[in-house]
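I have placed the structure first, in the form of structure tokens, so that the comments after it can refer back to it.
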Amino acid sequence: MTRYLLLLGALLVAAGPSVADDEPKPLTGGISPQTAKINELIAKGWEAAGAKPAAKASDHEYMRRVFIDLIGRIPTVEEIRDFEQDRAANKRVRLVQRLLNERKYAPKPNGRPVTAVAGLSKFPIDYSAAYARNFAEIWSVWLLTRSGLDPIYREQFMMWLEDQLDNNVPYRDFVTGLITATGKSNDNGAVHFVFRHIGDPIQADAKGQKVDLSEFGKYDNVPVTSRVTKMFLGIQTQCTQCHDHPQAKEWLQADFWGVNAFFRQTEKVGTQNTMQKKQTATANYVELREMPDWNKKGMVLYERRDGQRKATYPVMLKDLAQSEKGEKSTKNLISAPATAKTRRQTLAEWVVQHDNFEKALVNRMWGHLFGRGLQKDATVDDFKSDNEIVHPELLTYLGEQFKQYNHDMKKLLEWLCTSDVYQLSHVAVKGQADPKFDPFFARMPLKALSPEVLFDSLSLATRAESRLKDAEYKALKASWTGKLVRNFGDDEGNETTFNGTVVQALLLMNGKDLNNEVGTTRDKGVVADVVKKHRGTPSPIYDELFLMTVSRHPTREELAKLEQIRSGRATITLGNGGSASSGSKGAAPPKSGPVPVPGASPDDITYYQDVFWALLNTNEFMLNH
């Protein structure tokens with residue numbers, strides 16, 4: 001334990017400001033006109049705010065960042081060495097394009113393609129599928145939250161999301177599919193979104209009375225109303241369910257109930273809740289149906305704070321341009337010509353026509369990459385009059401380009417991830433760490449790994465994924481992330497952050513967990529494999545352990561400290577009352593002062609296990625920087 005603590009202390013130094021161990025070359029070619037425009041407009045913002053941008057991130061820092069953001073895991077040793085081999089000036093652009101689009105890739109760490117990658121069970125590497133799986137998990141949390149859903153149903157939803165993302169379905173069609181979904185979930189996983197948020201049955205005014213379905217419909221549809229406007233338009237309407245918005249005067253109670261009316265002809269069959277499903281022994285699907293005989297007139301009643309009862313018909317949320325002028329929405333089913341479309345189909349059509357549809361997605365993806373949106377407040381989904389857009393020209397431009405390029409989500413991510421601002425170091429220029437500069441993105445913010453990314457990265461580092469069958473891996477991941485969220489997270493649909501340590505995270509697992517993959521004996525586990533591979537030679541062992549965990553090579557200073565500890569030349573100072581293992585049974589530990597730390601032979605596996613655990617427990621591993 002004493003040696004482990006000293007190793008952790010030595011490696012925590014490395015978790016601070018990153019060292020530019022390689023000088024990245026400027027991107028002299030290959031960037032898109034959209035990326036060039038981002039660079040221009042962000043630089044204009046820096047100048048106006050008096051912000052000085054950080055230095056460019058090293059190749060290793062950038063590579064780790066883009067792997068985490070795009071495919072939800074850290075890179076493997078082979079992938080890192082493959083990237084190091086690329087000497088092209090636009091290697092970062094090529095990397096981003098590969099992570100988004102490549103379906104069969106074999107790294108070339110020594111200039112020759114490998115036939116397998118340590119830690120990955122599937123080869124060649126399908127990066128497009130990895131991108132789809134990562135963003136399916138992200139969208140699943142955004143759309144459904146993390147808990148209270150039967151695992152079978154979440155997997156049905158994930159399968160639909162993955163198919164959409166892997167095939168790069170245009171975002172407008174992606175959203176349309178979610179809003180209009182009908183049928184059984186085992187045929188169309190998209191039904192889980194509306195089903196999840198359809199709300200409670202409407203209660204009759206008097207006890208014992210039945211609600212007239214033909215007049216009112218069956219459900220209140222309150223959650224799905226606010227979820228649709230927030231997710232797809234970036235407008236939070238939940239406050240206007242009960243009253244006009246207190247801060248954003250442009251949003252009224254009638255706006256909320258006008259959107260609500262589009263869902264009054266939707267019926268749900270079954271239940272998604274895990275416990276209810278077990279109690280009722282329902283089938284492995286839920287269903288959404290259209291009920292044209294419900295709420296025939298389309299009128300929805302709501303009550304104001306002063307007790308007045310008001311009514312509205314299906315009315316689309318007004319455009320932001322209309323709200324700024326104090327105008328009303330011009331899209332409603334009263335004045336619209338009669339069509340064969342369902343109400344939800346009409347709503348979806350008007351959602352994708354809304355003037356904030358593209359900007360909302362741009363802001364959400366910017367927030368995913370940079371930890372905050374392009375507005376004064378850090379939230380990514382709260383467009384309103386008192387939340388200033390700090391970069392209006394940039395947001396408008398990207399929204400227009402996103403629409404022009406067929407709502408291509410991969411293109412949008414490529415533009416953002418190859419921009420100068422995305423490539424900045426996380427270390428601020430001296431005097432520039434003031435939070436007032438945060439909306440100007442003069443450095444890359446530190447972001448905690450989500451539970452899903454943390455699990456996949458730990459699994460890759462310990463090579464657990466390649467040692468487990470798919471079903472075992474999925475079950476372990478579901479169990480582990482569930483425990484992590486219950487202990488450290490929230491369930492409001494936010495991106496849950498984890499503020500514990502890797503050791504605490506690992507202790508939450510049971511059964512065949514990741515601890516076993518690291519190994520606790522001299523001849524088993526991933527560390528033993530590395531030591532045997534390099535025949536007990538310290539330098540290449542250290543190098544591989546660093547690449548496996550923090551995705552870079554150790555510095556000369558770190559190597560010197562590690563060798564000082566291994567060779568028995570290190571001491572640790574204990575305060576009064578401190579103790580260290582004396583090495584002899586019954587001997588009294590020293591009360592204070594320097595204590596020698598036991599060394600190790602060059603091929604001592606237990607020593608390198610301590611190094612490995614210390615690396616996993618650094619902030620450098622836990623954070624996306």
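Going by the structure tokens order, chains are called A, B, ..., each with residues numbered from 1, while ligands are numbered from 1 in the order shown.
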With a cut-off of 10 Å, could you pull out the residues of range 31-71 of chain A touching range 135-159 of chain A and give me the nearest pair of atoms for each, distance in Å to one decimal, using only C-alpha atoms, ordered by chain and ascending number, as JSON lines?
```
{"residue": "A:Asp69", "atom": "CA", "partner": "A:Phe135", "partner_atom": "CA", "distance": 9.2}
{"residue": "A:Leu70", "atom": "CA", "partner": "A:Phe135", "partner_atom": "CA", "distance": 7.7}
{"residue": "A:Ile71", "atom": "CA", "partner": "A:Phe135", "partner_atom": "CA", "distance": 7.7}
```
Which one of A:Phe83, A:Tyr608, A:Tyr422, A:Phe546 sits closest to Glu620 in chain A if you count only C-alpha atoms?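 Of A:Phe83, A:Tyr608, A:Tyr422, A:Phe546, the one nearest Glu620 in chain A is A:Phe546, counting only C-alpha atoms.
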Residues within 6 Å of Lys56 in chain A, please, as an NGL selection string. Count only C-alpha atoms; anything in the same chain fewer than 6 positions from it doesn't count. :A and (423-425)
When you look at range 406-420 of chain A with a cut-off of 7 Å (counting only C-alpha atoms), what residues show up, excluding the ones that are within fewer than 4 positions of it in the same chain? I need them as an MDAnalysis selection string. chainID A and resid 31:32 34:35 38:39 92:93 96:97 100 168 170:172 402 424
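Residues within 12 Å of Thr379 in chain A, counting only C-alpha atoms and excluding same-chain residues fewer than 4 positions away, are Lys230, Gly234, Ile235, Gln236, Ala360, Asn363, Arg364, Met365, Trp366, Gly367, His368, Phe370, Gly371, Arg372, Gly373, Leu374, Gln375, Phe383, Lys384, Asn387, Glu388, Ile389, Pro439, Asn494 and Glu495 of chain A.
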Selection file, C-alpha atoms, as a compact mmCIF listing (two decimals), in the first residue's frame:
```
# COMPACT_ATOMS: atom_id res chain seq x y z
CA LYS A 230 -36.79 20.92 -25.37
CA GLY A 234 -34.13 23.88 -27.65
CA ILE A 235 -37.11 25.57 -25.96
CA GLN A 236 -38.04 24.67 -22.40
CA ALA A 360 -31.04 23.53 -31.48
CA ASN A 363 -26.07 23.87 -29.95
CA ARG A 364 -26.64 20.41 -28.47
CA MET A 365 -23.72 18.88 -30.38
CA TRP A 366 -21.50 21.84 -29.52
CA GLY A 367 -22.38 21.23 -25.88
CA HIS A 368 -21.53 17.55 -26.20
CA PHE A 370 -17.31 21.52 -25.40
CA GLY A 371 -19.30 20.98 -22.22
CA ARG A 372 -21.56 24.01 -22.80
CA GLY A 373 -23.58 25.61 -25.57
CA LEU A 374 -23.04 28.85 -27.49
CA GLN A 375 -25.20 30.89 -25.12
CA PHE A 383 -33.35 29.38 -25.99
CA LYS A 384 -35.19 32.37 -24.56
CA ASN A 387 -30.33 33.83 -22.40
CA GLU A 388 -28.03 35.73 -24.73
CA ILE A 389 -26.50 33.88 -27.68
CA PRO A 439 -18.45 31.20 -23.20
CA ASN A 494 -28.81 15.14 -17.85
CA GLU A 495 -25.35 13.91 -18.74
```
Write out as a PyMOL selection string each polymer residue whose atoms come within 12 Å of His534 in chain A, counting only C-alpha atoms; drop sequence neighbours fewer than 5 positions from it. chain A and resi 527-529+539-545+602-603+605
Produce a file of the selected residues containing N, CA, C and O atoms, as a short mmCIF file (atom, residue, chain, number, x, y, z; two decimals), in the first residue's frame.
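Result file is out01.cif:
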```cif
data_model
loop_
_atom_site.label_atom_id
_atom_site.label_comp_id
_atom_site.auth_asym_id
_atom_site.auth_seq_id
_atom_site.Cartn_x
_atom_site.Cartn_y
_atom_site.Cartn_z
N VAL A 527 -1.72 -7.08 -16.83
CA VAL A 527 -0.38 -6.58 -16.50
C VAL A 527 0.66 -7.68 -16.68
O VAL A 527 1.75 -7.44 -17.21
N ALA A 528 0.32 -8.88 -16.26
CA ALA A 528 1.24 -10.01 -16.44
C ALA A 528 1.52 -10.23 -17.93
O ALA A 528 2.67 -10.51 -18.32
N ASP A 529 0.50 -10.05 -18.76
CA ASP A 529 0.69 -10.20 -20.21
C ASP A 529 1.70 -9.18 -20.73
O ASP A 529 2.56 -9.50 -21.57
N SER A 539 11.39 0.02 -19.21
CA SER A 539 10.99 1.15 -20.08
C SER A 539 9.83 0.80 -21.01
O SER A 539 8.82 1.53 -21.05
N PRO A 540 9.90 -0.27 -21.80
CA PRO A 540 8.76 -0.58 -22.68
C PRO A 540 7.51 -1.01 -21.91
O PRO A 540 6.39 -0.82 -22.39
N ILE A 541 7.69 -1.57 -20.70
CA ILE A 541 6.52 -1.92 -19.88
C ILE A 541 5.80 -0.64 -19.46
O ILE A 541 4.58 -0.52 -19.60
N TYR A 542 6.57 0.33 -18.93
CA TYR A 542 5.97 1.61 -18.56
C TYR A 542 5.26 2.23 -19.76
O TYR A 542 4.14 2.74 -19.65
N ASP A 543 5.91 2.20 -20.90
CA ASP A 543 5.37 2.84 -22.09
C ASP A 543 4.02 2.24 -22.46
O ASP A 543 3.06 2.97 -22.73
N GLU A 544 3.94 0.93 -22.45
CA GLU A 544 2.68 0.29 -22.83
C GLU A 544 1.59 0.54 -21.80
O GLU A 544 0.43 0.77 -22.15
N LEU A 545 1.92 0.54 -20.51
CA LEU A 545 0.92 0.81 -19.48
C LEU A 545 0.37 2.22 -19.60
O LEU A 545 -0.83 2.45 -19.40
N PRO A 602 13.09 -5.97 -11.89
CA PRO A 602 12.58 -5.47 -13.18
C PRO A 602 11.39 -6.24 -13.73
O PRO A 602 10.63 -5.70 -14.53
N ASP A 603 11.21 -7.51 -13.31
CA ASP A 603 10.09 -8.30 -13.83
C ASP A 603 9.04 -8.60 -12.77
O ASP A 603 8.26 -9.54 -12.90
N ILE A 605 5.78 -8.50 -11.33
CA ILE A 605 4.45 -8.18 -11.85
C ILE A 605 3.64 -7.37 -10.85
O ILE A 605 2.91 -6.44 -11.24
#
```
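Between Arg289 in chain A and the candidates A:Val362, A:Val269, A:Ile68, A:Ala48, the tightest atom-to-atom separation, counting only C-alpha atoms, involves A:Val269.
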I need the residues in range 324-477 of chain A that are helix (DSSP H, G or I) according to DSSP; give them as a PyMOL selection string. chain A and resi 324+343-353+357-370+392-404+409-417+421-423+435-440+451-462+465-467+470-477
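Put simply, CA of Pro201 in chain A is 15.5 Å away from CA of Gln272 in chain A.
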Could you list, as an NGL selection string, every residue within 7 Å of range 292-297 of chain A, counting only C-alpha atoms and ignoring same-chain residues fewer than 6 positions away? :A and (213-217 or 264-265)
How far is it from CA of Tyr313 in chain A to CA of Leu301 in chain A, in Å with one decimal? 9.0 Å
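Compared by their closest atoms to Ile74 in chain A, and using only C-alpha atoms, the residues A:Leu449, A:Ala464, A:Ile42, A:Val222 rank with A:Leu449 nearest.
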Point out the residue among A:Gln353, A:Thr229, A:Thr555, A:Ser128 with the least atom-to-atom distance to Asp163 in chain A, counting only C-alpha atoms. A:Ser128
